[in-house]
Number of protein chains: 2
Amino acid sequence: MINKDILQNKLKDKGFKITDQRLAIIDVLLEHKNHFISAEEIYKKVSVNLPKTNFSTIYRNLEIFEEIDIIHKTTLSGITAIYELICNNEHHHHIICKNCGKTEIIDFCPFDHIKSQINKKSFVLTGHKFELYGYCNRCLKK
Amino acid sequence: MINKDILQNKLKDKGFKITDQRLAIIDVLLEHKNHFISAEEIYKKVSVNLPKTNFSTIYRNLEIFEEIDIIHKTTLSGITAIYELICNNEHHHHIICKNCGKTEIIDFCPFDHIKSQINKKSFVLTGHKFELYGYCNRCLKK
DNA sequence: ATGCATGCAAAGCATTTGCAATCAA
DNA sequence: TTGATTGCAAATGCTTTGCATGCAT
């Protein structure tokens, strides 16, 4: 089960320093486990305890966190990039409401089904994205 | 088989006017069937024959084309949005090289496999994205 | 003590918007 | 003719960068 110590060690192991800002960002990510969160939301939450924190610090660290596989970044049309903690053994994909952004988790992974077919092709695979778009019940009622 | 007339009619049917710029964009999209292309690439290609064309015209029309299902827009981290013509009966997904952007088509669609499972959930599905990331042989050799 | 990390301010870049002129129907 | 479409220029908004200061190790 993922926790603060594991993530902190991941940083140390890769030679990054442990700073208040990084710990605060990790806290926010842990709070939002299994949910997408934008850089701005992280910025606001971190700012509650560390008011001087700058947006560039958030972005710089999110970039590092992505590099060392702490988080996964997703970009969608017309929406700010969103991030989520990578939880080992908790691999999953999403259904995303195009109107309100509500997400549900789907544990089916198409990658398992396709892996063998792809290996014939001249690509080394490092990642994949499977996202379903639509509207949730609440948005349909409006 | 998709062609210029079909797309032109699609515009007319939805009440949009046929302009030189729109036809030029359609030409470019047809030339790039089954390949992603960015707004800038479209802009440059359209500008060859219509030098006065403005970037905003490209963006405005790509937005319209997306609305009426002529193209599909894809957004990836750190890369400009990319577009491709929607070819009926030629539904497919991609493998994308994270280094050079080279794409290969995969005709496997995970959606077919998952559809029945999702309907239980409180979502109306309107679209999906399945993308594999990795490196192509040429980029690995470097 | 050393150099990585941060805050700050400014820049960058893709994309969007307001408005007047132009053009398709 | 008339409203949709375009070109132009300026604005927007997210994200990145340079640089001096501060802090973890």
# chains A, B, ... in the order shown; residues from 1 in each chain; ligands from 1
$ interface_residues --of "chain D" --to "chain B" --cutoff "9 Å" --atoms "only C-alpha atoms (C1' of nucleotides)" --output "ChimeraX atom specification"
/D:4-8
$ closest_atom_pairs --of "chain C" --to "chain B" --cutoff "9 Å" --atoms "only C-alpha atoms (C1' of nucleotides)" --output "CSV"
residue,atom,partner,partner_atom,distance
C:DA14,C1',B:Thr80,CA,7.1
C:DT15,C1',B:Tyr59,CA,7.7
C:DT16,C1',B:Ser56,CA,8.1
C:DC23,C1',B:Thr19,CA,8.6
C:DA24,C1',B:Lys17,CA,6.4
C:DA25,C1',B:Lys17,CA,8.0
$ write_last_selection --atoms "C-alpha atoms (C1' of nucleotides)" --output "PDB file, in the first residue's frame"
ATOM      1  C1'  DA C  14      -0.768  27.315 -28.118  1.00  0.00           C
ATOM      2  C1'  DT C  15      -5.166  28.747 -28.400  1.00  0.00           C
ATOM      3  C1'  DT C  16      -9.083  32.071 -28.074  1.00  0.00           C
ATOM      4  C1'  DC C  23     -17.933  36.568 -48.797  1.00  0.00           C
ATOM      5  C1'  DA C  24     -21.260  32.474 -49.594  1.00  0.00           C
ATOM      6  C1'  DA C  25     -25.978  31.542 -50.195  1.00  0.00           C
TER       7       DA C  25
END
$ residues_around --residues "Asp5 of chain B" --least-positions-apart "2" --cutoff "12 Å" --atoms "only C-alpha atoms (C1' of nucleotides)" --output "VMD selection string"
chain B and resid 1 to 3 7 to 13 18 23 26 to 27 30
$ write_last_selection --atoms "all heavy atoms" --output "CSV table (one decimal), in the first residue's frame"
chain,number,residue,atom,x,y,z
B,1,MET,N,-16.1,4.8,-48.6
B,1,MET,CA,-14.8,5.4,-48.5
B,1,MET,C,-14.9,6.9,-48.4
B,1,MET,O,-15.6,7.6,-49.2
B,1,MET,CB,-13.9,5.0,-49.7
B,1,MET,CG,-12.5,5.4,-49.7
B,1,MET,SD,-11.6,4.7,-48.3
B,1,MET,CE,-9.9,5.0,-48.7
B,2,ILE,N,-14.3,7.5,-47.4
B,2,ILE,CA,-14.4,8.9,-47.2
B,2,ILE,C,-13.8,9.7,-48.3
B,2,ILE,O,-12.8,9.3,-48.9
B,2,ILE,CB,-13.7,9.3,-45.8
B,2,ILE,CG1,-14.2,10.6,-45.3
B,2,ILE,CG2,-12.2,9.3,-46.0
B,2,ILE,CD1,-15.4,10.5,-44.5
B,3,ASN,N,-14.4,10.8,-48.7
B,3,ASN,CA,-13.9,11.7,-49.7
B,3,ASN,C,-14.3,13.2,-49.5
B,3,ASN,O,-15.1,13.5,-48.6
B,3,ASN,CB,-14.2,11.2,-51.1
B,3,ASN,CG,-15.7,11.2,-51.3
B,3,ASN,OD1,-16.4,12.2,-51.0
B,3,ASN,ND2,-16.3,10.1,-51.9
B,7,LEU,N,-17.5,15.0,-47.1
B,7,LEU,CA,-17.2,16.0,-46.0
B,7,LEU,C,-17.8,17.3,-46.3
B,7,LEU,O,-18.3,18.0,-45.4
B,7,LEU,CB,-15.6,16.1,-45.9
B,7,LEU,CG,-14.9,14.9,-45.5
B,7,LEU,CD1,-13.4,15.0,-45.5
B,7,LEU,CD2,-15.4,14.4,-44.1
B,8,GLN,N,-17.8,17.7,-47.6
B,8,GLN,CA,-18.4,19.0,-48.0
B,8,GLN,C,-19.9,18.9,-47.6
B,8,GLN,O,-20.5,19.9,-47.1
B,8,GLN,CB,-18.2,19.1,-49.5
B,8,GLN,CG,-18.3,20.6,-50.0
B,8,GLN,CD,-17.7,20.7,-51.4
B,8,GLN,OE1,-16.8,20.0,-51.7
B,8,GLN,NE2,-18.3,21.6,-52.2
B,9,ASN,N,-20.6,17.8,-47.9
B,9,ASN,CA,-22.0,17.7,-47.6
B,9,ASN,C,-22.3,17.7,-46.1
B,9,ASN,O,-23.3,18.3,-45.7
B,9,ASN,CB,-22.5,16.4,-48.2
B,9,ASN,CG,-22.7,16.5,-49.7
B,9,ASN,OD1,-22.9,17.6,-50.3
B,9,ASN,ND2,-22.5,15.3,-50.4
B,10,LYS,N,-21.4,17.2,-45.4
B,10,LYS,CA,-21.5,17.2,-44.0
B,10,LYS,C,-21.6,18.6,-43.4
B,10,LYS,O,-22.4,18.9,-42.6
B,10,LYS,CB,-20.4,16.4,-43.3
B,10,LYS,CG,-20.8,15.6,-42.1
B,10,LYS,CD,-19.7,14.6,-41.7
B,10,LYS,CE,-20.2,13.6,-40.7
B,10,LYS,NZ,-19.2,12.6,-40.4
B,11,LEU,N,-20.7,19.4,-44.0
B,11,LEU,CA,-20.7,20.9,-43.6
B,11,LEU,C,-22.1,21.5,-44.0
B,11,LEU,O,-22.7,22.2,-43.2
B,11,LEU,CB,-19.6,21.6,-44.3
B,11,LEU,CG,-18.2,21.6,-43.6
B,11,LEU,CD1,-17.1,22.2,-44.5
B,11,LEU,CD2,-18.3,22.3,-42.3
B,12,LYS,N,-22.4,21.3,-45.3
B,12,LYS,CA,-23.7,21.9,-45.8
B,12,LYS,C,-24.9,21.5,-44.9
B,12,LYS,O,-25.7,22.3,-44.5
B,12,LYS,CB,-23.9,21.5,-47.2
B,12,LYS,CG,-23.3,22.4,-48.3
B,12,LYS,CD,-23.8,22.0,-49.7
B,12,LYS,CE,-23.0,22.6,-50.8
B,12,LYS,NZ,-23.0,21.8,-52.0
B,13,ASP,N,-25.0,20.2,-44.7
B,13,ASP,CA,-26.1,19.6,-43.9
B,13,ASP,C,-26.2,20.3,-42.6
B,13,ASP,O,-27.3,20.4,-42.0
B,13,ASP,CB,-25.9,18.1,-43.7
B,13,ASP,CG,-26.1,17.4,-45.1
B,13,ASP,OD1,-26.5,18.0,-46.1
B,13,ASP,OD2,-25.7,16.2,-45.1
B,18,ILE,N,-19.6,26.7,-47.4
B,18,ILE,CA,-18.4,26.1,-48.0
B,18,ILE,C,-17.5,27.3,-48.4
B,18,ILE,O,-17.8,28.1,-49.3
B,18,ILE,CB,-18.8,25.3,-49.3
B,18,ILE,CG1,-19.8,24.3,-49.0
B,18,ILE,CG2,-17.5,24.7,-49.9
B,18,ILE,CD1,-19.5,23.3,-47.9
B,23,LEU,N,-12.4,24.1,-47.5
B,23,LEU,CA,-12.0,23.1,-48.5
B,23,LEU,C,-10.6,22.8,-48.4
B,23,LEU,O,-10.2,21.6,-48.5
B,23,LEU,CB,-12.4,23.6,-49.9
B,23,LEU,CG,-13.9,23.6,-50.2
B,23,LEU,CD1,-14.2,24.2,-51.6
B,23,LEU,CD2,-14.6,22.3,-50.0
B,26,ILE,N,-9.9,20.6,-45.5
B,26,ILE,CA,-10.4,19.2,-45.8
B,26,ILE,C,-9.3,18.5,-46.7
B,26,ILE,O,-9.0,17.3,-46.5
B,26,ILE,CB,-11.8,19.3,-46.5
B,26,ILE,CG1,-12.8,19.6,-45.4
B,26,ILE,CG2,-12.1,17.9,-47.2
B,26,ILE,CD1,-14.2,19.8,-46.0
B,27,ASP,N,-8.8,19.2,-47.7
B,27,ASP,CA,-7.8,18.6,-48.6
B,27,ASP,C,-6.6,18.1,-47.7
B,27,ASP,O,-6.2,16.9,-47.9
B,27,ASP,CB,-7.3,19.6,-49.6
B,27,ASP,CG,-8.3,19.8,-50.7
B,27,ASP,OD1,-9.1,18.9,-51.0
B,27,ASP,OD2,-8.2,20.9,-51.4
B,30,LEU,N,-7.5,15.0,-45.8
B,30,LEU,CA,-7.6,13.8,-46.6
B,30,LEU,C,-6.2,13.3,-47.0
B,30,LEU,O,-6.0,12.1,-47.0
B,30,LEU,CB,-8.4,14.1,-47.9
B,30,LEU,CG,-9.9,14.2,-47.7
B,30,LEU,CD1,-10.6,14.8,-48.9
B,30,LEU,CD2,-10.5,12.8,-47.5
$ atom_distance --atom1 "atom CA of Glu63 of chain A" --atom2 "atom CA of Thr75 of chain A"
13.7 Å
$ residues_around --residues "DT17 of chain C" --least-positions-apart "4" --cutoff "9 Å" --atoms "only C-alpha atoms (C1' of nucleotides)" --output "VMD selection string"
chain D and resid 10 to 12
$ write_last_selection --atoms "all heavy atoms" --output "CSV table (one decimal), in the first residue's frame"
chain,number,residue,atom,x,y,z
D,10,DA,P,-2.2,45.0,-31.6
D,10,DA,OP1,-1.6,46.3,-31.8
D,10,DA,OP2,-1.4,43.8,-31.6
D,10,DA,O5',-3.1,45.1,-30.2
D,10,DA,C5',-4.5,45.0,-30.3
D,10,DA,C4',-5.0,44.0,-29.3
D,10,DA,O4',-5.1,42.7,-29.9
D,10,DA,C3',-4.1,43.9,-28.1
D,10,DA,O3',-4.9,44.0,-26.9
D,10,DA,C2',-3.6,42.4,-28.2
D,10,DA,C1',-4.7,41.7,-28.9
D,10,DA,N9,-4.2,40.5,-29.7
D,10,DA,C8,-3.1,40.4,-30.5
D,10,DA,N7,-3.0,39.2,-31.0
D,10,DA,C5,-4.1,38.5,-30.5
D,10,DA,C6,-4.5,37.2,-30.6
D,10,DA,N6,-3.9,36.3,-31.4
D,10,DA,N1,-5.7,36.8,-30.0
D,10,DA,C2,-6.3,37.7,-29.3
D,10,DA,N3,-6.0,39.0,-29.0
D,10,DA,C4,-4.9,39.3,-29.7
D,11,DA,P,-4.4,43.8,-25.4
D,11,DA,OP1,-5.0,44.9,-24.6
D,11,DA,OP2,-2.9,43.6,-25.5
D,11,DA,O5',-5.1,42.5,-25.0
D,11,DA,C5',-6.5,42.3,-25.2
D,11,DA,C4',-6.9,40.9,-24.8
D,11,DA,O4',-6.4,40.0,-25.7
D,11,DA,C3',-6.4,40.5,-23.4
D,11,DA,O3',-7.5,39.9,-22.7
D,11,DA,C2',-5.2,39.6,-23.7
D,11,DA,C1',-5.7,38.9,-25.0
D,11,DA,N9,-4.6,38.4,-25.8
D,11,DA,C8,-3.5,39.1,-26.3
D,11,DA,N7,-2.8,38.4,-27.1
D,11,DA,C5,-3.4,37.1,-27.2
D,11,DA,C6,-3.1,35.9,-27.9
D,11,DA,N6,-2.1,35.8,-28.6
D,11,DA,N1,-4.0,34.9,-27.7
D,11,DA,C2,-5.1,35.1,-27.0
D,11,DA,N3,-5.5,36.2,-26.3
D,11,DA,C4,-4.6,37.2,-26.4
D,12,DT,P,-7.4,39.6,-21.2
D,12,DT,OP1,-8.6,40.1,-20.6
D,12,DT,OP2,-6.1,40.1,-20.7
D,12,DT,O5',-7.4,38.1,-21.1
D,12,DT,C5',-8.2,37.3,-22.0
D,12,DT,C4',-7.8,35.9,-22.0
D,12,DT,O4',-6.7,35.7,-22.9
D,12,DT,C3',-7.3,35.4,-20.6
D,12,DT,O3',-8.1,34.4,-20.2
D,12,DT,C2',-5.9,34.9,-20.9
D,12,DT,C1',-5.8,34.7,-22.4
D,12,DT,N1,-4.5,34.9,-23.1
D,12,DT,C2,-4.1,33.8,-23.9
D,12,DT,O2,-4.7,32.8,-24.0
D,12,DT,N3,-2.9,34.1,-24.5
D,12,DT,C4,-2.1,35.2,-24.4
D,12,DT,O4,-1.1,35.3,-25.1
D,12,DT,C5,-2.7,36.3,-23.6
D,12,DT,C7,-1.9,37.6,-23.5
D,12,DT,C6,-3.8,36.1,-23.0
$ closest_residue --among "A:Glu66, A:Glu31, A:Glu41, A:Asp20" --to "chain B" --atoms "only C-alpha atoms"
A:Glu66
$ atom_distance --atom1 "atom CA of Ile37 of chain B" --atom2 "atom CA of Leu62 of chain B"
11.4 Å
$ residues_around --residues "DA10 of chain C" --least-positions-apart "6" --cutoff "12 Å" --atoms "only C-alpha atoms (C1' of nucleotides)" --output "count of residues only"
4
$ residues_around --residues "His32 of chain B" --least-positions-apart "3" --cutoff "12 Å" --atoms "only C-alpha atoms (C1' of nucleotides)" --output "list in words"
Ile25, Ile26, Asp27, Val28, Leu29, His35, Phe36, Ile37, Ser38, Glu41, Ile42, Lys45, Ile71, Ile82, Tyr83, Glu84, Leu85, Ile86 and Cys87 of chain B
$ write_last_selection --atoms "C-alpha atoms" --output "PDB file, in the first residue's frame"
ATOM      1  CA  ILE B  25      -8.347  22.179 -44.646  1.00  0.00           C
ATOM      2  CA  ILE B  26     -10.360  19.202 -45.824  1.00  0.00           C
ATOM      3  CA  ASP B  27      -7.800  18.589 -48.562  1.00  0.00           C
ATOM      4  CA  VAL B  28      -5.008  18.533 -46.019  1.00  0.00           C
ATOM      5  CA  LEU B  29      -6.939  16.196 -43.754  1.00  0.00           C
ATOM      6  CA  HIS B  35      -2.082  10.167 -39.641  1.00  0.00           C
ATOM      7  CA  PHE B  36      -2.101  12.765 -36.917  1.00  0.00           C
ATOM      8  CA  ILE B  37      -1.498  16.353 -37.929  1.00  0.00           C
ATOM      9  CA  SER B  38      -1.155  19.489 -35.833  1.00  0.00           C
ATOM     10  CA  GLU B  41       1.034  21.779 -39.973  1.00  0.00           C
ATOM     11  CA  ILE B  42      -2.452  22.299 -41.346  1.00  0.00           C
ATOM     12  CA  LYS B  45      -0.128  23.485 -45.825  1.00  0.00           C
ATOM     13  CA  ILE B  71     -12.045  14.975 -37.144  1.00  0.00           C
ATOM     14  CA  ILE B  82      -3.133  16.763 -32.957  1.00  0.00           C
ATOM     15  CA  TYR B  83      -6.004  15.969 -35.252  1.00  0.00           C
ATOM     16  CA  GLU B  84      -7.030  13.260 -37.642  1.00  0.00           C
ATOM     17  CA  LEU B  85      -9.822  12.612 -40.039  1.00  0.00           C
ATOM     18  CA  ILE B  86     -12.531  10.279 -38.810  1.00  0.00           C
ATOM     19  CA  CYS B  87     -12.927   7.504 -41.377  1.00  0.00           C
TER      20      CYS B  87
END
$ atom_distance --atom1 "atom C1' of DG3 of chain D" --atom2 "atom CA of Tyr43 of chain B"
26.0 Å
